[in-house]
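Coordinates from input-v2.pdb are shown below (PDB, C-alpha atoms).
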```pdb
ATOM      1  CA  MET N  79       8.609  -4.314  -6.734  1.00  0.00           C
ATOM      2  CA  ASN N  80      12.096  -5.460  -7.723  1.00  0.00           C
ATOM      3  CA  GLU N  81      12.916  -6.298  -4.095  1.00  0.00           C
ATOM      4  CA  TYR N  82       9.658  -8.224  -3.776  1.00  0.00           C
ATOM      5  CA  LEU N  83      10.198 -10.183  -6.998  1.00  0.00           C
ATOM      6  CA  LYS N  84      13.709 -11.088  -5.885  1.00  0.00           C
ATOM      7  CA  ALA N  85      12.324 -12.293  -2.553  1.00  0.00           C
ATOM      8  CA  GLU N  86       9.571 -14.253  -4.364  1.00  0.00           C
ATOM      9  CA  ARG N  87      12.249 -16.170  -6.262  1.00  0.00           C
ATOM     10  CA  SER N  88      14.173 -16.960  -3.069  1.00  0.00           C
ATOM     11  CA  PHE N  89      13.362 -19.966  -0.970  1.00  0.00           C
ATOM     12  CA  ARG N  90      14.445 -20.758   2.559  1.00  0.00           C
ATOM     13  CA  ARG N  91      13.488 -24.049   4.178  1.00  0.00           C
ATOM     14  CA  GLY N  92      10.955 -24.781   1.448  1.00  0.00           C
ATOM     15  CA  HIS N  93       8.932 -21.577   1.532  1.00  0.00           C
ATOM     16  CA  SER N  94       8.946 -18.300  -0.366  1.00  0.00           C
ATOM     17  CA  CYS N  95      10.832 -15.379   1.153  1.00  0.00           C
ATOM     18  CA  GLY N  96       8.453 -13.148  -0.820  1.00  0.00           C
ATOM     19  CA  ASN N  97       5.580 -14.272   1.370  1.00  0.00           C
ATOM     20  CA  ASP N  98       7.622 -13.411   4.467  1.00  0.00           C
ATOM     21  CA  MET N  99       8.262  -9.944   3.044  1.00  0.00           C
ATOM     22  CA  LYS N 100       4.573  -9.446   2.231  1.00  0.00           C
ATOM     23  CA  GLN N 101       3.502 -10.550   5.721  1.00  0.00           C
ATOM     24  CA  ARG N 102       6.007  -8.179   7.389  1.00  0.00           C
ATOM     25  CA  CYS N 103       4.940  -5.235   5.231  1.00  0.00           C
ATOM     26  CA  GLN N 104       1.246  -5.928   5.764  1.00  0.00           C
ATOM     27  CA  ALA N 105       1.809  -6.138   9.533  1.00  0.00           C
ATOM     28  CA  VAL N 106       3.413  -2.666   9.497  1.00  0.00           C
ATOM     29  CA  VAL N 107       0.569  -1.266   7.375  1.00  0.00           C
ATOM     30  CA  SER N 108      -2.075  -2.958   9.529  1.00  0.00           C
ATOM     31  CA  GLU N 109      -0.594  -1.450  12.681  1.00  0.00           C
ATOM     32  CA  ALA N 110      -0.665   2.036  11.133  1.00  0.00           C
ATOM     33  CA  VAL N 111      -4.228   1.510   9.867  1.00  0.00           C
ATOM     34  CA  ARG N 112      -5.477   0.411  13.287  1.00  0.00           C
ATOM     35  CA  LYS N 113      -3.706   3.342  14.944  1.00  0.00           C
ATOM     36  CA  ASP N 114      -5.099   5.946  12.524  1.00  0.00           C
ATOM     37  CA  LEU N 115      -8.532   4.507  11.700  1.00  0.00           C
ATOM     38  CA  GLY N 116      -9.416   2.226  14.592  1.00  0.00           C
ATOM     39  CA  HIS N 117     -12.665   0.446  13.773  1.00  0.00           C
ATOM     40  CA  THR N 118     -13.703   2.825  10.978  1.00  0.00           C
ATOM     41  CA  ARG N 119     -15.488   1.249   8.050  1.00  0.00           C
ATOM     42  CA  VAL N 120     -15.293   3.003   4.697  1.00  0.00           C
ATOM     43  CA  LYS N 121     -18.295   2.929   2.419  1.00  0.00           C
ATOM     44  CA  ALA N 122     -17.539   1.647  -1.046  1.00  0.00           C
ATOM     45  CA  PRO N 123     -16.660   2.677  -3.624  1.00  0.00           C
ATOM     46  CA  VAL N 124     -13.491   4.650  -2.882  1.00  0.00           C
ATOM     47  CA  THR N 125     -10.653   6.243  -4.763  1.00  0.00           C
ATOM     48  CA  ILE N 126      -7.312   5.743  -3.050  1.00  0.00           C
ATOM     49  CA  HIS N 127      -4.851   8.631  -3.186  1.00  0.00           C
ATOM     50  CA  TYR N 128      -1.238   7.638  -2.549  1.00  0.00           C
ATOM     51  CA  ALA N 129       1.614  10.066  -1.799  1.00  0.00           C
ATOM     52  CA  PHE N 130       5.004   8.356  -1.847  1.00  0.00           C
ATOM     53  CA  TYR N 131       7.928  10.065  -0.106  1.00  0.00           C
ATOM     54  CA  GLU N 132      11.153   8.335  -1.121  1.00  0.00           C
ATOM     55  CA  PRO N 133      14.612   8.961   0.382  1.00  0.00           C
ATOM     56  CA  ASP N 134      16.025   9.499  -3.127  1.00  0.00           C
ATOM     57  CA  ARG N 135      15.179   8.960  -6.810  1.00  0.00           C
ATOM     58  CA  ARG N 136      16.882   5.597  -7.287  1.00  0.00           C
ATOM     59  CA  ARG N 137      13.767   3.423  -7.598  1.00  0.00           C
ATOM     60  CA  ASP N 138      11.437   3.529 -10.600  1.00  0.00           C
ATOM     61  CA  LEU N 139       8.023   4.995  -9.853  1.00  0.00           C
ATOM     62  CA  ASP N 140       6.112   1.944 -11.084  1.00  0.00           C
ATOM     63  CA  ASN N 141       8.209  -0.354  -8.876  1.00  0.00           C
ATOM     64  CA  ILE N 142       7.424   1.789  -5.833  1.00  0.00           C
ATOM     65  CA  ALA N 143       3.685   2.000  -6.442  1.00  0.00           C
ATOM     66  CA  ALA N 144       2.851  -1.504  -7.680  1.00  0.00           C
ATOM     67  CA  VAL N 145       3.843  -3.472  -4.616  1.00  0.00           C
ATOM     68  CA  ALA N 146       2.657  -0.737  -2.234  1.00  0.00           C
ATOM     69  CA  HIS N 147      -0.832  -0.790  -3.768  1.00  0.00           C
ATOM     70  CA  LYS N 148      -1.054  -4.543  -3.275  1.00  0.00           C
ATOM     71  CA  PHE N 149       0.239  -4.628   0.302  1.00  0.00           C
ATOM     72  CA  ILE N 150      -1.744  -1.594   1.483  1.00  0.00           C
ATOM     73  CA  GLN N 151      -5.023  -2.673  -0.092  1.00  0.00           C
ATOM     74  CA  ASP N 152      -4.684  -6.199   1.296  1.00  0.00           C
ATOM     75  CA  ALA N 153      -4.037  -4.707   4.742  1.00  0.00           C
ATOM     76  CA  LEU N 154      -7.085  -2.419   4.453  1.00  0.00           C
ATOM     77  CA  VAL N 155      -9.228  -5.469   3.698  1.00  0.00           C
ATOM     78  CA  GLY N 156      -7.554  -7.499   6.452  1.00  0.00           C
ATOM     79  CA  CYS N 157      -8.303  -4.724   8.974  1.00  0.00           C
ATOM     80  CA  ARG N 158     -11.894  -4.594   7.682  1.00  0.00           C
ATOM     81  CA  ILE N 159     -11.618  -0.946   6.673  1.00  0.00           C
ATOM     82  CA  LEU N 160     -12.632  -2.021   3.161  1.00  0.00           C
ATOM     83  CA  GLU N 161     -14.897  -4.996   2.522  1.00  0.00           C
ATOM     84  CA  ASN N 162     -12.890  -6.060  -0.524  1.00  0.00           C
ATOM     85  CA  ASP N 163     -10.328  -4.656  -2.949  1.00  0.00           C
ATOM     86  CA  GLY N 164     -12.169  -5.468  -6.178  1.00  0.00           C
ATOM     87  CA  TRP N 165     -13.862  -3.275  -8.769  1.00  0.00           C
ATOM     88  CA  GLN N 166     -17.002  -2.727  -6.708  1.00  0.00           C
ATOM     89  CA  HIS N 167     -15.036  -1.341  -3.781  1.00  0.00           C
ATOM     90  CA  ILE N 168     -12.148   0.570  -5.365  1.00  0.00           C
ATOM     91  CA  ARG N 169     -12.827   2.952  -8.279  1.00  0.00           C
ATOM     92  CA  GLY N 170      -9.203   3.834  -8.900  1.00  0.00           C
ATOM     93  CA  PHE N 171      -5.976   5.332  -7.604  1.00  0.00           C
ATOM     94  CA  THR N 172      -3.870   8.433  -7.831  1.00  0.00           C
ATOM     95  CA  ASP N 173      -0.130   8.446  -7.210  1.00  0.00           C
ATOM     96  CA  VAL N 174       2.201  11.357  -6.522  1.00  0.00           C
ATOM     97  CA  PHE N 175       5.890  11.049  -5.688  1.00  0.00           C
ATOM     98  CA  TYR N 176       8.213  13.225  -3.640  1.00  0.00           C
ATOM     99  CA  VAL N 177      11.692  13.016  -2.142  1.00  0.00           C
ATOM    100  CA  ASP N 178      12.039  13.355   1.624  1.00  0.00           C
ATOM    101  CA  ARG N 179      15.474  12.135   2.673  1.00  0.00           C
ATOM    102  CA  HIS N 180      14.719  12.489   6.380  1.00  0.00           C
ATOM    103  CA  ASN N 181      11.226  10.984   6.566  1.00  0.00           C
ATOM    104  CA  PRO N 182      10.452   8.496   3.765  1.00  0.00           C
ATOM    105  CA  ARG N 183       6.853   7.288   4.004  1.00  0.00           C
ATOM    106  CA  ILE N 184       3.604   6.584   2.217  1.00  0.00           C
ATOM    107  CA  GLU N 185       0.522   8.673   2.933  1.00  0.00           C
ATOM    108  CA  VAL N 186      -2.855   7.241   1.929  1.00  0.00           C
ATOM    109  CA  ILE N 187      -6.227   8.970   1.649  1.00  0.00           C
ATOM    110  CA  LEU N 188      -9.429   7.005   1.061  1.00  0.00           C
ATOM    111  CA  ALA N 189     -11.979   9.212  -0.715  1.00  0.00           C
ATOM    112  CA  GLU N 190     -15.498   7.870  -0.647  1.00  0.00           C
ATOM    113  CA  GLU N 191     -17.665   8.307  -3.737  1.00  0.00           C
ATOM    114  CA  GLY N 192     -18.971  11.863  -3.770  1.00  0.00           C
ATOM    115  CA  ASP N 193     -16.235  13.097  -1.394  1.00  0.00           C
ATOM    116  CA  ARG N 194     -14.256  15.488  -3.568  1.00  0.00           C
ATOM    117  CA  ASN N 195     -11.756  16.472  -0.857  1.00  0.00           C
ATOM    118  CA  GLY N 196     -10.583  13.014   0.199  1.00  0.00           C
TER     119      GLY N 196
END
```
Whole structure given in structure tokens:
Amino acid sequence: MNEYLKAERSFRRGHSCGNDMKQRCQAVVSEAVRKDLGHTRVKAPVTIHYAFYEPDRRRDLDNIAAVAHKFIQDALVGCRILENDGWQHIRGFTDVFYVDRHNPRIEVILAEEGDRNG
């Protein structure tokens, strides 16, 4: 989140660097979504379970999760996996955090209503 806010406050040639950052991140997420889910459509409502694997413990947990939620959910809508990211489509989130120095990543599970296992 701190990196994103810093980019949002930076301007290059009259436009926000934050938007560039968001577009790049969403492109990476969209590629992964298309690879893993193809043309799957998820029935609303869902709970989204996030597992964050950071290379170290330097960043605050809320800074990691906040911007990731936004970028990932926007990408899920953009790829038409979810119809929307509002209250009717997303019931809530869970976040867990780990350290994996060799393979930092974010794993996401979409659990449809009534699906207890995710």
Item to complete: Would you mind telling me which residue in N:Arg119, N:Arg112, N:Val145, N:Tyr131 lies nearest to N:His180 when using all atoms listed in the file?
Response: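 Closest to N:His180 of all the choices is N:Tyr131.
Minimum atom-to-atom distances from N:Glu161, N:Arg135, N:Phe171, N:Val120 to N:Lys148 were compared using only C-alpha atoms, and the lowest value belongs to N:Phe171.
Distance-wise, atom CA of N:Phe175 and atom CA of N:Gly156 end up 25.9 Å apart.
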Fill in: Shortest interatomic distance to N:Val106 - which of N:Ala144, N:Leu139, N:Ile126, N:Leu154, counting all atoms listed in the file
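Using all atoms listed in the file, N:Val106 sits closest to N:Leu154.
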Item to complete: Calculate how many Å separate atom CA of N:Asp138 from atom CA of N:Asn162, rounding to one decimal.
Response: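 Separation between atom CA of N:Asp138 and atom CA of N:Asn162: 28.0 Å.
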Worksheet item: What does the distance from atom CA of N:Phe130 to atom CA of N:Ala146 come to in Å, to one decimal?
Response: 9.4 Å
Worksheet item: Looking at only C-alpha atoms, which of N:Ala122, N:Ala153, N:Val107, N:Ile168 is the one that sits closest to N:Arg183?
Response: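 With only C-alpha atoms as the atom set, the closest residue is N:Val107.
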Contact residues around stretch 149-152 of chain N with only C-alpha atoms at 12 Å, ignoring same-chain residues under 3 positions, as a compact mmCIF listing (two decimals) with C-alpha atoms, in the coordinates of the input:
```txt
# COMPACT_ATOMS: atom_id res chain seq x y z
CA MET N 79 8.61 -4.31 -6.73
CA TYR N 82 9.66 -8.22 -3.78
CA GLY N 96 8.45 -13.15 -0.82
CA ASN N 97 5.58 -14.27 1.37
CA MET N 99 8.26 -9.94 3.04
CA LYS N 100 4.57 -9.45 2.23
CA GLN N 101 3.50 -10.55 5.72
CA ARG N 102 6.01 -8.18 7.39
CA CYS N 103 4.94 -5.24 5.23
CA GLN N 104 1.25 -5.93 5.76
CA ALA N 105 1.81 -6.14 9.53
CA VAL N 106 3.41 -2.67 9.50
CA VAL N 107 0.57 -1.27 7.38
CA SER N 108 -2.08 -2.96 9.53
CA GLU N 109 -0.59 -1.45 12.68
CA ALA N 110 -0.66 2.04 11.13
CA VAL N 111 -4.23 1.51 9.87
CA VAL N 124 -13.49 4.65 -2.88
CA THR N 125 -10.65 6.24 -4.76
CA ILE N 126 -7.31 5.74 -3.05
CA HIS N 127 -4.85 8.63 -3.19
CA TYR N 128 -1.24 7.64 -2.55
CA ILE N 142 7.42 1.79 -5.83
CA ALA N 143 3.68 2.00 -6.44
CA ALA N 144 2.85 -1.50 -7.68
CA VAL N 145 3.84 -3.47 -4.62
CA ALA N 146 2.66 -0.74 -2.23
CA VAL N 155 -9.23 -5.47 3.70
CA GLY N 156 -7.55 -7.50 6.45
CA CYS N 157 -8.30 -4.72 8.97
CA ARG N 158 -11.89 -4.59 7.68
CA ILE N 159 -11.62 -0.95 6.67
CA LEU N 160 -12.63 -2.02 3.16
CA GLU N 161 -14.90 -5.00 2.52
CA ASN N 162 -12.89 -6.06 -0.52
CA ASP N 163 -10.33 -4.66 -2.95
CA GLY N 164 -12.17 -5.47 -6.18
CA HIS N 167 -15.04 -1.34 -3.78
CA ILE N 168 -12.15 0.57 -5.36
CA GLY N 170 -9.20 3.83 -8.90
CA PHE N 171 -5.98 5.33 -7.60
CA ILE N 184 3.60 6.58 2.22
CA GLU N 185 0.52 8.67 2.93
CA VAL N 186 -2.86 7.24 1.93
CA ILE N 187 -6.23 8.97 1.65
CA LEU N 188 -9.43 7.00 1.06
```
Discussion item. Under the rule that all atoms listed in the file are counted, which of N:Pro133, N:Pro123, N:Asp114, N:His147 is the nearest residue to N:Asp173?
Written reply: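 Answer, going by the shortest atom-to-atom distance: N:His147.
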Take every atom of stretch 119-122 of chain N listed in the file, pad by 5 Å on each side, and give me the axis-aligned box centre and edge lengths in Å, one decimal, as AutoDock Vina command-line options.
```
--center_x -16.8 --center_y 2.1 --center_z 3.5 --size_x 13.0 --size_y 11.8 --size_z 19.1
```
